[in-house]
$ cat query_15.txt   # compact mmCIF, C-alpha atoms
# COMPACT_ATOMS: atom_id res chain seq x y z
CA MET A 1 -72.55 249.97 85.36
CA THR A 2 -74.08 247.07 83.48
CA GLY A 3 -73.87 248.33 79.91
CA PRO A 4 -76.77 249.44 77.72
CA ASN A 5 -80.29 248.14 78.24
CA LYS A 6 -80.73 245.11 75.98
CA ASN A 7 -84.40 246.02 75.54
CA THR A 8 -83.62 249.44 74.08
CA LYS A 9 -84.55 249.76 70.43
CA PHE A 10 -81.94 252.41 69.58
CA PRO A 11 -78.92 252.20 71.95
CA LEU A 12 -77.02 255.15 70.43
CA ALA A 13 -78.28 258.58 71.44
CA ASN A 14 -79.86 260.59 68.61
CA TYR A 15 -79.15 257.86 66.05
CA ASP A 16 -81.96 255.67 64.69
CA ARG A 17 -80.10 253.70 62.02
CA LEU A 18 -78.54 251.24 64.46
CA CYS A 19 -80.82 249.08 66.58
CA PHE A 20 -80.70 246.18 68.96
CA LEU A 21 -82.32 243.88 66.45
CA LYS A 22 -84.50 241.72 68.67
CA ASN A 23 -86.49 244.82 69.60
CA ILE A 24 -87.64 245.58 66.04
CA VAL A 25 -88.15 242.12 64.52
CA LYS A 26 -91.78 241.06 64.40
CA ASN A 27 -91.65 237.75 62.51
CA PRO A 28 -91.80 234.85 65.02
CA ASN A 29 -89.63 232.75 62.69
CA ILE A 30 -86.75 235.19 63.11
CA ILE A 31 -85.10 234.67 66.50
CA ILE A 32 -82.50 237.20 67.65
CA GLY A 33 -80.20 237.13 70.69
CA ASP A 34 -79.53 239.95 73.14
CA TYR A 35 -77.27 242.85 72.11
CA THR A 36 -77.10 241.79 68.46
CA TYR A 37 -77.24 244.96 66.42
CA TYR A 38 -78.18 245.89 62.88
CA ASP A 39 -76.93 249.04 61.18
CA ASP A 40 -78.76 250.27 58.07
CA PHE A 41 -77.88 253.20 55.84
CA GLU A 42 -81.55 254.13 55.50
CA ASN A 43 -83.95 252.45 57.91
CA VAL A 44 -83.56 249.55 60.33
CA GLU A 45 -86.99 248.33 59.28
CA ASN A 46 -85.24 247.11 56.12
CA PHE A 47 -83.90 244.11 58.04
CA GLU A 48 -86.96 241.93 57.60
CA LYS A 49 -87.19 243.00 53.95
CA ASN A 50 -83.71 241.58 53.52
CA VAL A 51 -84.81 238.18 54.81
CA LYS A 52 -85.89 237.08 51.35
CA TYR A 53 -88.46 234.44 50.32
CA HIS A 54 -89.38 233.85 53.96
CA PHE A 55 -92.90 232.53 53.50
CA ASP A 56 -95.02 231.47 56.48
CA PHE A 57 -96.16 228.28 54.76
CA VAL A 58 -92.56 227.07 54.41
CA GLY A 59 -91.91 227.42 58.16
CA ASP A 60 -88.13 227.80 58.06
CA LYS A 61 -86.34 229.90 60.66
CA LEU A 62 -83.54 232.42 60.83
CA THR A 63 -81.78 232.28 64.20
CA ILE A 64 -79.06 234.77 65.17
CA GLY A 65 -77.19 234.56 68.47
CA LYS A 66 -76.04 237.18 70.96
CA PHE A 67 -73.62 240.06 70.39
CA CYS A 68 -73.65 239.78 66.60
CA MET A 69 -72.92 242.72 64.29
CA ILE A 70 -74.89 242.94 61.05
CA ALA A 71 -74.10 245.60 58.46
CA SER A 72 -76.45 247.29 56.03
CA ASP A 73 -77.81 245.33 53.05
CA VAL A 74 -76.96 241.91 54.48
CA LYS A 75 -79.38 239.41 52.93
CA PHE A 76 -80.63 236.02 54.04
CA ILE A 77 -82.07 233.84 51.26
CA MET A 78 -84.61 231.45 52.76
CA ASN A 79 -86.05 228.20 51.37
CA GLY A 80 -88.98 229.87 49.63
CA ALA A 81 -86.52 230.81 46.89
CA ASN A 82 -85.94 227.17 45.93
CA HIS A 83 -87.16 225.66 42.66
CA LEU A 84 -87.03 222.12 41.35
CA THR A 85 -83.62 221.47 39.85
CA ASP A 86 -83.86 217.79 38.87
CA SER A 87 -87.00 218.22 36.75
CA LEU A 88 -87.14 219.10 33.08
CA THR A 89 -88.07 222.68 33.95
CA THR A 90 -87.49 224.81 37.03
CA TYR A 91 -90.64 226.88 36.36
CA PRO A 92 -93.05 226.99 39.37
CA PHE A 93 -96.33 226.26 37.53
CA ALA A 94 -98.33 225.36 40.65
CA ILE A 95 -98.20 228.77 42.30
CA PHE A 96 -100.23 230.32 39.48
CA GLY A 97 -103.25 227.96 39.63
CA ASN A 98 -105.81 228.20 36.86
CA GLY A 99 -105.30 224.60 35.84
CA TRP A 100 -101.66 224.46 36.95
CA GLU A 101 -102.28 223.92 40.67
CA ASN A 102 -101.66 220.15 40.47
CA ALA A 103 -98.20 220.48 38.94
CA MET A 104 -96.54 219.65 42.25
CA ASP A 105 -98.72 216.71 43.28
CA GLY A 106 -96.43 214.09 44.78
CA LYS A 107 -93.48 216.44 44.62
CA SER A 108 -91.95 219.03 46.90
CA TYR A 109 -89.57 221.92 46.51
CA PRO A 110 -86.03 221.49 47.90
CA GLN A 111 -85.59 222.30 51.59
CA LYS A 112 -82.04 223.11 52.67
CA GLY A 113 -82.94 223.87 56.28
CA ASP A 114 -82.83 226.86 58.59
CA ILE A 115 -80.17 229.55 58.69
CA ASN A 116 -78.32 229.57 62.01
CA ILE A 117 -75.90 232.33 62.98
CA GLY A 118 -73.88 231.82 66.17
CA ASN A 119 -72.77 234.38 68.75
CA ASP A 120 -70.26 237.21 68.30
CA VAL A 121 -70.50 236.96 64.50
CA TRP A 122 -69.69 239.97 62.32
CA ILE A 123 -71.45 240.03 58.94
CA GLY A 124 -70.10 242.70 56.58
CA TYR A 125 -71.89 245.00 54.17
CA ASN A 126 -73.97 243.39 51.41
CA ALA A 127 -73.08 239.82 52.37
CA THR A 128 -75.57 237.09 51.46
CA ILE A 129 -76.25 233.98 53.56
CA MET A 130 -78.04 231.12 51.79
CA ALA A 131 -80.62 228.72 53.20
CA GLY A 132 -79.30 225.83 55.27
CA VAL A 133 -76.08 227.57 56.28
CA THR A 134 -74.73 227.59 59.83
CA VAL A 135 -72.22 230.29 60.76
CA GLU A 136 -70.43 229.30 63.95
CA ASP A 137 -69.48 231.50 66.91
CA GLY A 138 -66.90 234.24 66.41
CA ALA A 139 -66.84 234.08 62.61
CA ILE A 140 -66.43 237.07 60.30
CA ILE A 141 -68.22 237.28 56.94
CA ALA A 142 -66.49 239.71 54.59
CA THR A 143 -68.20 242.47 52.62
CA ASN A 144 -70.03 241.17 49.51
CA ALA A 145 -69.45 237.52 50.44
CA THR A 146 -71.98 234.92 49.34
CA VAL A 147 -72.05 232.14 51.93
CA VAL A 148 -73.29 228.83 50.53
CA LYS A 149 -71.83 226.40 53.08
CA ASP A 150 -71.20 226.27 56.83
CA VAL A 151 -68.60 228.57 58.38
CA GLU A 152 -66.33 227.26 61.13
CA PRO A 153 -65.97 229.09 64.46
CA TYR A 154 -63.61 232.07 64.57
CA SER A 155 -62.84 231.88 60.86
CA ILE A 156 -62.91 234.71 58.30
CA VAL A 157 -64.59 233.96 54.97
CA GLY A 158 -64.99 236.03 51.82
CA GLY A 159 -65.73 235.84 48.12
CA ASN A 160 -68.45 234.29 45.94
CA PRO A 161 -68.82 231.52 46.84
CA ALA A 162 -67.30 232.36 50.22
CA LYS A 163 -64.13 230.52 51.16
CA GLU A 164 -62.09 230.57 54.32
CA ILE A 165 -59.41 233.25 54.29
CA LYS A 166 -57.91 232.44 57.65
CA LYS A 167 -58.63 231.52 61.25
CA ARG A 168 -58.76 234.43 63.67
CA PHE A 169 -56.79 232.61 66.37
CA SER A 170 -54.88 229.40 67.01
CA GLU A 171 -56.90 226.22 67.45
CA GLU A 172 -55.97 226.25 71.14
CA THR A 173 -57.35 229.76 71.64
CA ILE A 174 -60.48 228.95 69.64
CA SER A 175 -61.14 225.91 71.83
CA LYS A 176 -60.76 228.00 74.97
CA LEU A 177 -63.12 230.69 73.64
CA LEU A 178 -65.75 228.13 72.69
CA GLU A 179 -65.47 226.63 76.16
CA LEU A 180 -65.76 230.06 77.83
CA GLU A 181 -68.91 231.13 75.91
CA TRP A 182 -68.47 234.64 77.27
CA TRP A 183 -71.69 235.77 75.56
CA ASN A 184 -73.62 233.64 78.05
CA TRP A 185 -72.09 235.32 81.08
CA ASN A 186 -74.31 237.68 83.04
CA ILE A 187 -74.03 241.26 81.90
CA GLU A 188 -72.26 242.33 85.10
CA LYS A 189 -69.45 239.86 84.43
CA ILE A 190 -69.25 240.90 80.78
CA THR A 191 -69.07 244.56 81.78
CA LYS A 192 -66.33 243.80 84.29
CA ASN A 193 -64.32 242.08 81.54
CA ILE A 194 -64.75 244.47 78.61
CA GLN A 195 -61.07 245.48 78.75
CA ASN A 196 -60.09 241.83 78.46
CA LEU A 197 -62.67 241.07 75.79
CA THR A 198 -61.27 243.85 73.62
CA ASP A 199 -57.72 242.55 74.10
CA ASN A 200 -56.19 239.42 72.52
CA GLN A 201 -54.77 237.78 75.62
CA ILE A 202 -57.20 235.00 76.48
CA ASP A 203 -55.36 234.11 79.68
CA LYS A 204 -56.48 237.45 81.16
CA LEU A 205 -60.07 236.55 80.35
CA ILE A 206 -59.78 233.11 81.91
CA LYS A 207 -58.35 234.58 85.12
$ encode --input "query_15.txt" --output "C-alpha cells"
Amino acid sequence: MTGPNKNTKFPLANYDRLCFLKNIVKNPNIIIGDYTYYDDFENVENFEKNVKYHFDFVGDKLTIGKFCMIASDVKFIMNGANHLTDSLTTYPFAIFGNGWENAMDGKSYPQKGDINIGNDVWIGYNATIMAGVTVEDGAIIATNATVVKDVEPYSIVGGNPAKEIKKRFSEETISKLLELEWWNWNIEKITKNIQNLTDNQIDKLIK
C-alpha cells in the first residue's frame, strides 16, 4: 500500500468537505504541496475566497508545503489589503479614478511579501495569517490566532497577535526532524513509517 492518491480531489469516501487542496486551487499564485488538506464546514471552494485581497496586479504568492492541515475559515490576508500608513490619510483615492487616478504618482502601497507556510503545519479554525509571514515546518497555529510575524519550526502559537505558547519538542529533536524532512521521502517510505511518524520516539524514525 502507498497511501491515498495525492491527485484525488476528495480522499475520504462519501465526504466532499475535505479535499487535497492542490487539486481544487485554480489561482497560479497559490502553490500547494502534496497531501495538504483543507476541511470546510460548507464547501471546499471557499478556500480561495478566504485568500483575501489577492489581486493579480499585485503578484504576491501564497505557498503551502506538503502534509499541512488547514481548518475551516482560515484566512490569508494578502498585500492587496495594504494602505498607506505614513501619509496624512490612508484613503485609497487612486482606485476610484475620475480625477483621483494620479493620487499615487511616485508612491506605492506597502508590500510585506509573500505568505509561506512550511510542511506538516496545522492551522486551526478561523486563524488568520497576515502578508509577509513565514510559518516554518511542523508549527501549529491555534484556533482564532492572528499571525503577524514569522513562526519558528515545531512551535505552537496562539492569540491576537499570536505569540509562542511552547515548542513541541526539545531543540535536539527539532533539529533532527528538520534534518530528516520526512515529508520529502517517497510515499512508499512514508507509508512504511506511519507507525513511527505517529509516535514521539524520533530514534525509531531515524532507524
$ closest_residue --input "query_15.txt" --among "A:Thr2, A:Ser108, A:Ser155, A:Thr8" --to "Thr85 of chain A" --atoms "only C-alpha atoms"
A:Ser108
$ residues_around --input "query_15.txt" --residues "Lys49 of chain A" --least-positions-apart "2" --cutoff "12 Å" --atoms "all atoms listed in the file" --output "PyMOL selection string"
chain A and resi 25-27+40+43-47+51-55+72-78
$ write_last_selection --input "query_15.txt" --atoms "C-alpha atoms" --output "mmCIF file, keeping the file's coordinate frame"
data_model
loop_
_atom_site.group_PDB
_atom_site.id
_atom_site.type_symbol
_atom_site.label_atom_id
_atom_site.label_comp_id
_atom_site.auth_asym_id
_atom_site.auth_seq_id
_atom_site.Cartn_x
_atom_site.Cartn_y
_atom_site.Cartn_z
ATOM 1 C CA VAL A 25 -88.150 242.120 64.520
ATOM 2 C CA LYS A 26 -91.780 241.060 64.400
ATOM 3 C CA ASN A 27 -91.650 237.750 62.510
ATOM 4 C CA ASP A 40 -78.760 250.270 58.070
ATOM 5 C CA ASN A 43 -83.950 252.450 57.910
ATOM 6 C CA VAL A 44 -83.560 249.550 60.330
ATOM 7 C CA GLU A 45 -86.990 248.330 59.280
ATOM 8 C CA ASN A 46 -85.240 247.110 56.120
ATOM 9 C CA PHE A 47 -83.900 244.110 58.040
ATOM 10 C CA VAL A 51 -84.810 238.180 54.810
ATOM 11 C CA LYS A 52 -85.890 237.080 51.350
ATOM 12 C CA TYR A 53 -88.460 234.440 50.320
ATOM 13 C CA HIS A 54 -89.380 233.850 53.960
ATOM 14 C CA PHE A 55 -92.900 232.530 53.500
ATOM 15 C CA SER A 72 -76.450 247.290 56.030
ATOM 16 C CA ASP A 73 -77.810 245.330 53.050
ATOM 17 C CA VAL A 74 -76.960 241.910 54.480
ATOM 18 C CA LYS A 75 -79.380 239.410 52.930
ATOM 19 C CA PHE A 76 -80.630 236.020 54.040
ATOM 20 C CA ILE A 77 -82.070 233.840 51.260
ATOM 21 C CA MET A 78 -84.610 231.450 52.760
#
$ closest_residue --input "query_15.txt" --among "A:Glu164, A:Asp34, A:Asp86, A:Glu179" --to "Phe67 of chain A" --atoms "only C-alpha atoms"
A:Asp34
$ residues_near_point --input "query_15.txt" --point "(-80.9, 231.5, 51.3)" --cutoff "12 Å" --atoms "all atoms listed in the file" --output "MDAnalysis selection string"
chainID A and resid 50:54 60:62 74:82 110:116 127:134 146:149
$ residues_near_point --input "query_15.txt" --point "(-80.5, 241.1, 70.7)" --cutoff "12 Å" --atoms "all atoms listed in the file" --output "PyMOL selection string"
chain A and resi 4-11+19-25+30-38+63-70+119-120+183
$ atom_distance --input "query_15.txt" --atom1 "atom CA of Gly3 of chain A" --atom2 "atom CA of Lys189 of chain A"
10.6 Å
$ closest_residue --input "query_15.txt" --among "A:Glu152, A:Asp137, A:Asp203, A:Asp16" --to "Phe41 of chain A" --atoms "all atoms listed in the file"
A:Asp16
$ closest_residue --input "query_15.txt" --among "A:Trp182, A:Tyr109, A:Tyr125, A:Phe96" --to "Gly138 of chain A" --atoms "all atoms listed in the file"
A:Trp182
$ atom_distance --input "query_15.txt" --atom1 "atom CA of Val135 of chain A" --atom2 "atom CA of Glu171 of chain A"
17.2 Å
$ closest_residue --input "query_15.txt" --among "A:Lys176, A:Lys163, A:Lys192, A:Arg17" --to "Ile140 of chain A" --atoms "all atoms listed in the file"
A:Lys163
$ closest_residue --input "query_15.txt" --among "A:Ala139, A:Leu180, A:Ile194, A:Ala71" --to "Asn126 of chain A" --atoms "all atoms listed in the file"
A:Ala71
$ atom_distance --input "query_15.txt" --atom1 "atom CA of Asp150 of chain A" --atom2 "atom CA of Ile174 of chain A"
16.9 Å
$ residues_around --input "query_15.txt" --residues "Asn102 of chain A" --least-positions-apart "4" --cutoff "9 Å" --atoms "all atoms listed in the file" --output "MDAnalysis selection string"
chainID A and resid 93:94 97
